[in-house]
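Structure file run30.cif (mmCIF, C-alpha atoms and all ligand atoms) follows.
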```cif
data_structure
loop_
_atom_site.label_atom_id
_atom_site.label_comp_id
_atom_site.auth_asym_id
_atom_site.auth_seq_id
_atom_site.Cartn_x
_atom_site.Cartn_y
_atom_site.Cartn_z
CA MET L 14 -29.53 -175.56 53.42
CA ALA L 15 -32.62 -173.38 53.43
CA THR L 16 -32.91 -170.80 56.19
CA ILE L 17 -36.31 -170.36 57.78
CA GLY L 18 -37.13 -167.11 59.52
CA ILE L 19 -39.61 -166.78 62.36
CA LEU L 20 -41.24 -163.40 62.74
CA GLY L 21 -40.04 -162.47 66.20
CA LEU L 22 -42.34 -159.64 67.27
CA GLN L 23 -44.65 -161.44 69.72
CA GLY L 24 -45.95 -164.93 70.49
CA ALA L 25 -44.57 -168.47 70.24
CA VAL L 26 -41.28 -167.53 68.56
CA GLU L 27 -38.75 -169.64 70.48
CA GLU L 28 -40.99 -172.72 70.29
CA HIS L 29 -41.01 -172.54 66.48
CA LEU L 30 -37.25 -172.01 66.43
CA LYS L 31 -36.74 -175.11 68.59
CA SER L 32 -38.92 -177.28 66.37
CA ILE L 33 -37.12 -176.12 63.20
CA VAL L 34 -33.75 -176.89 64.76
CA SER L 35 -35.02 -180.29 66.00
CA ALA L 36 -36.10 -181.09 62.44
CA GLY L 37 -32.48 -180.49 61.38
CA HIS L 38 -33.08 -177.16 59.67
CA GLN L 39 -31.64 -173.72 60.08
CA GLY L 40 -33.89 -171.16 61.78
CA THR L 41 -33.44 -167.51 62.56
CA VAL L 42 -35.57 -164.98 64.44
CA ILE L 43 -36.61 -161.99 62.32
CA LYS L 44 -36.79 -158.75 64.28
CA LEU L 45 -36.28 -156.24 61.48
CA PRO L 46 -37.71 -156.12 57.92
CA HIS L 47 -34.32 -156.13 56.14
CA GLN L 48 -33.59 -159.59 57.64
CA LEU L 49 -36.24 -161.01 55.28
CA ASP L 50 -33.75 -160.56 52.46
CA GLY L 51 -31.58 -163.33 53.90
CA ILE L 52 -34.17 -166.09 54.37
CA ASP L 53 -35.90 -168.65 52.14
CA ALA L 54 -39.17 -169.01 54.03
CA LEU L 55 -41.07 -167.35 56.88
CA ILE L 56 -43.16 -168.55 59.80
CA ILE L 57 -45.62 -166.11 61.37
CA PRO L 58 -46.27 -167.55 64.84
CA GLY L 59 -49.32 -167.68 67.05
CA GLY L 60 -49.77 -165.05 69.70
CA GLU L 61 -52.11 -162.09 69.45
CA SER L 62 -52.77 -160.92 65.90
CA THR L 63 -53.63 -157.36 66.92
CA ALA L 64 -50.41 -157.01 68.93
CA ILE L 65 -48.28 -158.52 66.14
CA ARG L 66 -49.98 -156.19 63.61
CA LYS L 67 -49.20 -153.11 65.73
CA LEU L 68 -45.54 -154.08 65.88
CA MET L 69 -45.51 -154.91 62.15
CA ASP L 70 -46.71 -151.38 61.44
CA GLN L 71 -44.23 -149.89 63.88
CA PHE L 72 -41.27 -151.62 62.22
CA GLY L 73 -42.53 -151.44 58.61
CA PHE L 74 -43.07 -155.16 58.04
CA VAL L 75 -46.36 -155.23 56.10
CA GLU L 76 -45.14 -154.20 52.63
CA LYS L 77 -41.90 -156.09 53.10
CA ILE L 78 -43.72 -159.37 53.84
CA GLN L 79 -46.08 -158.76 50.91
CA ALA L 80 -43.03 -158.33 48.65
CA PHE L 81 -41.51 -161.53 50.13
CA SER L 82 -44.74 -163.36 49.24
CA ALA L 83 -44.72 -161.90 45.71
CA LEU L 84 -41.42 -163.76 45.22
CA LYS L 85 -43.37 -166.96 45.99
CA LYS L 86 -41.26 -167.68 49.03
CA PRO L 87 -43.17 -170.01 51.39
CA ILE L 88 -44.95 -168.46 54.38
CA PHE L 89 -46.57 -170.47 57.18
CA GLY L 90 -49.03 -168.67 59.46
CA THR L 91 -50.01 -170.51 62.65
CA CYS L 92 -53.03 -169.38 64.68
CA ALA L 93 -52.62 -165.57 64.96
CA GLY L 94 -50.28 -165.95 61.96
CA MET L 95 -53.19 -167.39 59.98
CA VAL L 96 -55.33 -164.37 60.91
CA LEU L 97 -52.51 -162.11 59.67
CA LEU L 98 -52.26 -163.96 56.32
CA ALA L 99 -56.00 -163.85 55.57
CA GLU L 100 -57.58 -161.59 52.99
CA ARG L 101 -60.67 -161.26 55.15
CA VAL L 102 -61.28 -161.25 58.91
CA SER L 103 -64.90 -161.93 59.79
CA GLY L 104 -66.65 -158.99 61.46
CA SER L 105 -63.84 -156.58 60.66
CA GLU L 106 -63.47 -154.04 57.86
CA ASP L 107 -59.75 -154.55 57.67
CA SER L 108 -57.38 -157.38 57.02
CA HIS L 109 -53.65 -157.44 57.77
CA LEU L 110 -51.32 -158.88 55.11
CA GLY L 111 -54.25 -159.86 52.87
CA LEU L 112 -52.32 -162.63 51.11
CA MET L 113 -54.42 -165.76 51.34
CA ASP L 114 -57.90 -166.12 49.84
CA ILE L 115 -59.60 -167.09 53.10
CA THR L 116 -62.05 -165.53 55.55
CA VAL L 117 -61.05 -166.23 59.13
CA GLN L 118 -63.13 -166.04 62.26
CA ARG L 119 -61.07 -165.16 65.32
CA ASN L 120 -61.51 -166.99 68.65
CA ALA L 121 -63.88 -169.20 66.75
CA PHE L 122 -64.19 -172.21 69.04
CA GLY L 123 -65.92 -170.27 71.80
CA ARG L 124 -65.02 -169.18 75.29
CA GLN L 125 -65.80 -172.52 76.90
CA LYS L 126 -63.01 -173.92 74.76
CA GLU L 127 -60.25 -171.37 75.35
CA SER L 128 -57.81 -174.15 74.66
CA PHE L 129 -58.12 -177.81 73.79
CA GLU L 130 -56.26 -180.60 72.07
CA ALA L 131 -57.67 -182.78 69.31
CA GLU L 132 -56.25 -185.59 67.20
CA ILE L 133 -57.06 -184.51 63.67
CA PRO L 134 -56.40 -186.21 60.34
CA VAL L 135 -54.23 -184.00 58.12
CA GLU L 136 -53.98 -184.45 54.35
CA GLY L 137 -50.57 -185.92 53.55
CA LEU L 138 -49.87 -187.29 57.06
CA LEU L 139 -50.21 -190.97 57.90
CA ASN L 140 -51.22 -190.49 61.53
CA PRO L 141 -53.71 -188.09 63.13
CA PHE L 142 -51.94 -184.95 64.35
CA PRO L 143 -52.19 -183.87 68.02
CA ALA L 144 -53.36 -180.30 67.40
CA VAL L 145 -53.24 -177.76 70.25
CA PHE L 146 -55.85 -175.01 69.85
CA ILE L 147 -55.51 -171.84 71.94
CA ARG L 148 -58.18 -169.17 71.42
CA ALA L 149 -58.03 -170.48 67.91
CA PRO L 150 -59.47 -169.03 64.71
CA TYR L 151 -60.93 -171.15 61.94
CA ILE L 152 -61.38 -170.64 58.22
CA GLU L 153 -64.98 -169.71 57.53
CA GLN L 154 -64.65 -169.55 53.77
CA ALA L 155 -61.86 -170.48 51.36
CA GLY L 156 -61.37 -169.44 47.72
CA SER L 157 -61.12 -171.87 44.82
CA GLU L 158 -57.29 -171.82 44.82
CA VAL L 159 -57.19 -172.92 48.45
CA GLU L 160 -56.66 -176.57 49.29
CA VAL L 161 -58.22 -177.69 52.59
CA LEU L 162 -55.77 -179.90 54.51
CA ALA L 163 -57.61 -180.44 57.80
CA THR L 164 -60.91 -179.84 59.56
CA CYS L 165 -61.94 -180.03 63.21
CA GLU L 166 -65.57 -180.30 64.29
CA GLY L 167 -66.55 -179.56 60.69
CA SER L 168 -64.54 -176.32 60.43
CA ILE L 169 -61.44 -175.76 58.29
CA VAL L 170 -58.33 -175.58 60.47
CA MET L 171 -55.51 -176.04 57.96
CA ALA L 172 -55.17 -174.99 54.34
CA ARG L 173 -52.68 -174.26 51.60
CA GLN L 174 -52.72 -171.83 48.70
CA ASN L 175 -49.64 -172.27 46.50
CA HIS L 176 -46.69 -171.09 48.63
CA LEU L 177 -48.88 -170.12 51.60
CA LEU L 178 -49.75 -172.52 54.44
CA ALA L 179 -51.98 -171.73 57.40
CA CYS L 180 -53.30 -173.58 60.42
CA SER L 181 -55.52 -172.69 63.38
CA PHE L 182 -53.50 -174.63 65.90
CA HIS L 183 -49.95 -174.60 67.36
CA PRO L 184 -47.83 -177.35 65.71
CA GLU L 185 -44.73 -176.08 67.54
CA LEU L 186 -46.24 -177.05 70.92
CA THR L 187 -46.22 -180.79 70.22
CA ASP L 188 -43.38 -183.23 69.62
CA ASP L 189 -44.96 -184.51 66.41
CA PRO L 190 -43.07 -182.86 63.51
CA GLY L 191 -45.69 -183.89 60.89
CA VAL L 192 -47.21 -180.49 60.14
CA LEU L 193 -43.83 -178.75 60.14
CA LEU L 194 -42.56 -181.38 57.68
CA ILE L 195 -45.36 -180.40 55.26
CA PHE L 196 -44.02 -176.83 55.35
CA LEU L 197 -40.39 -177.95 55.10
CA GLU L 198 -41.30 -179.93 51.98
CA MET L 199 -42.78 -176.74 50.46
CA VAL L 200 -39.55 -174.92 51.36
CA GLU L 201 -37.37 -177.62 49.79
CA GLN L 202 -39.39 -177.46 46.59
CA SER L 203 -39.22 -173.69 46.52
CA VAL L 204 -35.43 -173.51 46.92
CA SER L 205 -34.86 -176.21 44.30
CA THR L 206 -37.16 -174.53 41.74
CA PRO L 207 -35.60 -171.45 40.14
CA LEU L 208 -38.02 -168.52 39.62
N1 LIG Z 301 -53.08 -168.71 69.95
C1 LIG Z 301 -53.29 -167.73 69.11
O1 LIG Z 301 -52.46 -167.40 68.27
C2 LIG Z 301 -54.55 -166.97 69.32
C3 LIG Z 301 -54.89 -166.04 68.21
C4 LIG Z 301 -55.72 -164.88 68.71
N2 LIG Z 301 -57.01 -165.33 69.14
C5 LIG Z 301 -55.85 -163.84 67.62
O2 LIG Z 301 -56.83 -163.75 66.95
O3 LIG Z 301 -54.92 -163.12 67.44
#
```
The structure given in the file should be rewritten as structure tokens.
Amino acid sequence: MATIGILGLQGAVEEHLKSIVSAGHQGTVIKLPHQLDGIDALIIPGGESTAIRKLMDQFGFVEKIQAFSALKKPIFGTCAGMVLLAERVSGSEDSHLGLMDITVQRNAFGRQKESFEAEIPVEGLLNPFPAVFIRAPYIEQAGSEVEVLATCEGSIVMARQNHLLACSFHPELTDDPGVLLIFLEMVEQSVSTPL
């Protein structure tokens, strides 16, 4: 069975672990870069992207995750994790991992909407997904290789580019496994397809 790692530096780590286990999969918390060698896929959780980035630098994660991605192993960035995956962060000179051809706007839904829940249709899911947004980013611009999977109030909130999946919201905070199942399907395909 595929093993899914959750980057365990800061943020909603345990919640992701619980939802992976509830979906009948094997999850493990990644605290050190060498642990990436033993997993098939990675989740970068929501939290605070600047804090996660600082810890990534401290422990030497950036190049190691980029190398993991170069092997086409699936990576799912949720909320702050999406900011970390992006090639461009609006209003900032720098990006973080720079892996996905998207421009993200941080805290994009405005202060009056620090957090909210919305039922959004997601490509590939039969029922609308109860998406929890917390100081959420959205995707301002997406490259031609990027497939838009969901929008909210006209803005892109979920997208896929080959082995990379990103969403603005926190799928691990709801009981609906739909969005996680989309990622697990990508993982299954990746482990059954030899490089
Ligand atoms: N819930 C979240 O992950 C918030 C993300 C946060 N606003 C950031 O940009 O890092």
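What separates atom CA of Leu98 of chain L from atom CA of Gly156 of chain L is a distance of 13.7 Å.
Minimum atom-to-atom distance to Gly59 of chain L, evaluated using only C-alpha atoms, belongs to L:Ala149 out of L:Val34, L:Ala149, L:Ile88, L:Val102.
Taking atom CA of Pro184 of chain L as the reference point, atom CA of Val26 of chain L is found at 12.1 Å.
Between Ile169 of chain L and the candidates L:Val117, L:Phe81, L:Glu201, L:Asp50, the tightest atom-to-atom separation, counting only C-alpha atoms, involves L:Val117.
In this model, the gap between atom CA of Ile19 of chain L and atom CA of Glu153 of chain L comes to 26.0 Å.
Minimum atom-to-atom distance to Met69 of chain L, evaluated using all atoms listed in the file, belongs to L:Leu20 out of L:Met113, L:Leu20, L:Ala83, L:Asp188.
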### Query
If you count only C-alpha atoms and all ligand atoms, which residues end up within 7 Å of ligand LIG 301 (chain Z), as a VMD selection string?
chain L and resid 59 to 63 91 to 94 96 119 to 120 146 to 150
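Across L:Ser168, L:Ser181, L:Gln71, L:Ser35, the tightest approach to Ala99 of chain L is made by L:Ser181 when counting only C-alpha atoms.
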Would you give me, as CSV, each residue of segment 157-185 of chain L having an atom within 10 Å of an atom of segment 139-143 of chain L, along with its shortest atom pair and that distance in Å to one decimal, using all atoms listed in the file and sorting by chain and residue number?
```
residue,atom,partner,partner_atom,distance
L:Ala163,CA,L:Phe142,CA,9.8
L:Phe182,CA,L:Pro143,CA,9.6
L:His183,CA,L:Pro143,CA,9.6
L:Pro184,CA,L:Pro143,CA,8.2
```
Wanna dump the segment 41-71 of chain L-segment 195-198 of chain L contacts at 12 Å for me, each residue with its shortest atom pair and the distance in Å to one decimal, counting all atoms listed in the file, ordered by chain and number, as a Markdown table?
```
| residue | atom | partner | partner_atom | distance |
| --- | --- | --- | --- | --- |
| L:Asp53 | CA | L:Leu197 | CA | 10.7 |
| L:Ala54 | CA | L:Leu197 | CA | 9.1 |
| L:Leu55 | CA | L:Phe196 | CA | 10.0 |
| L:Ile56 | CA | L:Phe196 | CA | 9.4 |
```
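Residues with any atom within 10 Å of His176 of chain L, counting all atoms listed in the file and excluding same-chain neighbours fewer than 2 positions away, are Ala54, Ser82, Ala83, Leu84, Lys85, Lys86, Pro87, Ile88, Phe89, Met113, Arg173, Gln174, Leu178, Phe196, Met199, Val200, Gln202 and Ser203 of chain L.
In this comparison, which uses only C-alpha atoms, the residue of L:Asp114, L:Glu76, L:Glu185, L:Glu166 approaching Gly24 of chain L most closely is L:Glu185.
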### Task
Return the single residue from L:Val159, L:His29, L:Met95, L:Thr187 that is closest to Ala131 of chain L, with distances computed using all atoms listed in the file.
L:Thr187
Because the input lacks atoms here, generate N, CA and C atoms for segment 173-195 of chain L and report them as a PDB file, in the coordinates of the input.
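And here is the file that came out, selection28.pdb:
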```
ATOM      1  N   ARG L 173     -53.839-174.712  52.366  1.00  0.00           N
ATOM      2  CA  ARG L 173     -52.680-174.260  51.600  1.00  0.00           C
ATOM      3  C   ARG L 173     -53.157-173.559  50.325  1.00  0.00           C
ATOM      4  N   GLN L 174     -52.492-172.489  49.989  1.00  0.00           N
ATOM      5  CA  GLN L 174     -52.720-171.830  48.700  1.00  0.00           C
ATOM      6  C   GLN L 174     -51.348-171.567  48.094  1.00  0.00           C
ATOM      7  N   ASN L 175     -50.975-172.365  47.124  1.00  0.00           N
ATOM      8  CA  ASN L 175     -49.640-172.270  46.500  1.00  0.00           C
ATOM      9  C   ASN L 175     -48.541-172.265  47.554  1.00  0.00           C
ATOM     10  N   HIS L 176     -47.835-171.140  47.714  1.00  0.00           N
ATOM     11  CA  HIS L 176     -46.690-171.090  48.630  1.00  0.00           C
ATOM     12  C   HIS L 176     -47.098-170.677  50.049  1.00  0.00           C
ATOM     13  N   LEU L 177     -48.404-170.568  50.278  1.00  0.00           N
ATOM     14  CA  LEU L 177     -48.880-170.120  51.600  1.00  0.00           C
ATOM     15  C   LEU L 177     -49.548-171.282  52.342  1.00  0.00           C
ATOM     16  N   LEU L 178     -49.175-171.457  53.609  1.00  0.00           N
ATOM     17  CA  LEU L 178     -49.750-172.520  54.440  1.00  0.00           C
ATOM     18  C   LEU L 178     -50.271-171.862  55.713  1.00  0.00           C
ATOM     19  N   ALA L 179     -51.432-172.313  56.177  1.00  0.00           N
ATOM     20  CA  ALA L 179     -51.980-171.730  57.400  1.00  0.00           C
ATOM     21  C   ALA L 179     -52.660-172.797  58.227  1.00  0.00           C
ATOM     22  N   CYS L 180     -52.532-172.693  59.555  1.00  0.00           N
ATOM     23  CA  CYS L 180     -53.300-173.580  60.420  1.00  0.00           C
ATOM     24  C   CYS L 180     -53.765-172.834  61.660  1.00  0.00           C
ATOM     25  N   SER L 181     -54.887-173.322  62.214  1.00  0.00           N
ATOM     26  CA  SER L 181     -55.520-172.690  63.380  1.00  0.00           C
ATOM     27  C   SER L 181     -54.806-173.000  64.680  1.00  0.00           C
ATOM     28  N   PHE L 182     -54.046-174.108  64.651  1.00  0.00           N
ATOM     29  CA  PHE L 182     -53.500-174.630  65.900  1.00  0.00           C
ATOM     30  C   PHE L 182     -52.002-174.343  66.003  1.00  0.00           C
ATOM     31  N   HIS L 183     -51.367-174.885  67.053  1.00  0.00           N
ATOM     32  CA  HIS L 183     -49.950-174.600  67.360  1.00  0.00           C
ATOM     33  C   HIS L 183     -49.095-175.862  67.160  1.00  0.00           C
ATOM     34  N   PRO L 184     -48.618-176.119  65.930  1.00  0.00           N
ATOM     35  CA  PRO L 184     -47.830-177.350  65.710  1.00  0.00           C
ATOM     36  C   PRO L 184     -46.530-177.359  66.488  1.00  0.00           C
ATOM     37  N   GLU L 185     -46.035-176.175  66.836  1.00  0.00           N
ATOM     38  CA  GLU L 185     -44.730-176.080  67.540  1.00  0.00           C
ATOM     39  C   GLU L 185     -44.843-176.485  69.013  1.00  0.00           C
ATOM     40  N   LEU L 186     -46.077-176.686  69.509  1.00  0.00           N
ATOM     41  CA  LEU L 186     -46.240-177.050  70.920  1.00  0.00           C
ATOM     42  C   LEU L 186     -46.370-178.559  71.136  1.00  0.00           C
ATOM     43  N   THR L 187     -46.184-179.329  70.057  1.00  0.00           N
ATOM     44  CA  THR L 187     -46.220-180.790  70.220  1.00  0.00           C
ATOM     45  C   THR L 187     -44.909-181.373  69.692  1.00  0.00           C
ATOM     46  N   ASP L 188     -44.619-182.589  70.085  1.00  0.00           N
ATOM     47  CA  ASP L 188     -43.380-183.230  69.620  1.00  0.00           C
ATOM     48  C   ASP L 188     -43.509-183.809  68.225  1.00  0.00           C
ATOM     49  N   ASP L 189     -44.743-183.915  67.734  1.00  0.00           N
ATOM     50  CA  ASP L 189     -44.960-184.510  66.410  1.00  0.00           C
ATOM     51  C   ASP L 189     -44.557-183.498  65.326  1.00  0.00           C
ATOM     52  N   PRO L 190     -43.535-183.829  64.518  1.00  0.00           N
ATOM     53  CA  PRO L 190     -43.070-182.860  63.510  1.00  0.00           C
ATOM     54  C   PRO L 190     -43.899-182.858  62.219  1.00  0.00           C
ATOM     55  N   GLY L 191     -44.969-183.667  62.150  1.00  0.00           N
ATOM     56  CA  GLY L 191     -45.690-183.890  60.890  1.00  0.00           C
ATOM     57  C   GLY L 191     -46.072-182.622  60.134  1.00  0.00           C
ATOM     58  N   VAL L 192     -46.727-181.702  60.821  1.00  0.00           N
ATOM     59  CA  VAL L 192     -47.210-180.490  60.140  1.00  0.00           C
ATOM     60  C   VAL L 192     -46.039-179.616  59.697  1.00  0.00           C
ATOM     61  N   LEU L 193     -45.016-179.522  60.529  1.00  0.00           N
ATOM     62  CA  LEU L 193     -43.830-178.750  60.140  1.00  0.00           C
ATOM     63  C   LEU L 193     -43.180-179.367  58.898  1.00  0.00           C
ATOM     64  N   LEU L 194     -43.184-180.709  58.836  1.00  0.00           N
ATOM     65  CA  LEU L 194     -42.560-181.380  57.680  1.00  0.00           C
ATOM     66  C   LEU L 194     -43.290-181.040  56.384  1.00  0.00           C
ATOM     67  N   ILE L 195     -44.606-180.822  56.462  1.00  0.00           N
ATOM     68  CA  ILE L 195     -45.360-180.400  55.260  1.00  0.00           C
ATOM     69  C   ILE L 195     -44.806-179.053  54.780  1.00  0.00           C
TER      70      ILE L 195
END
```
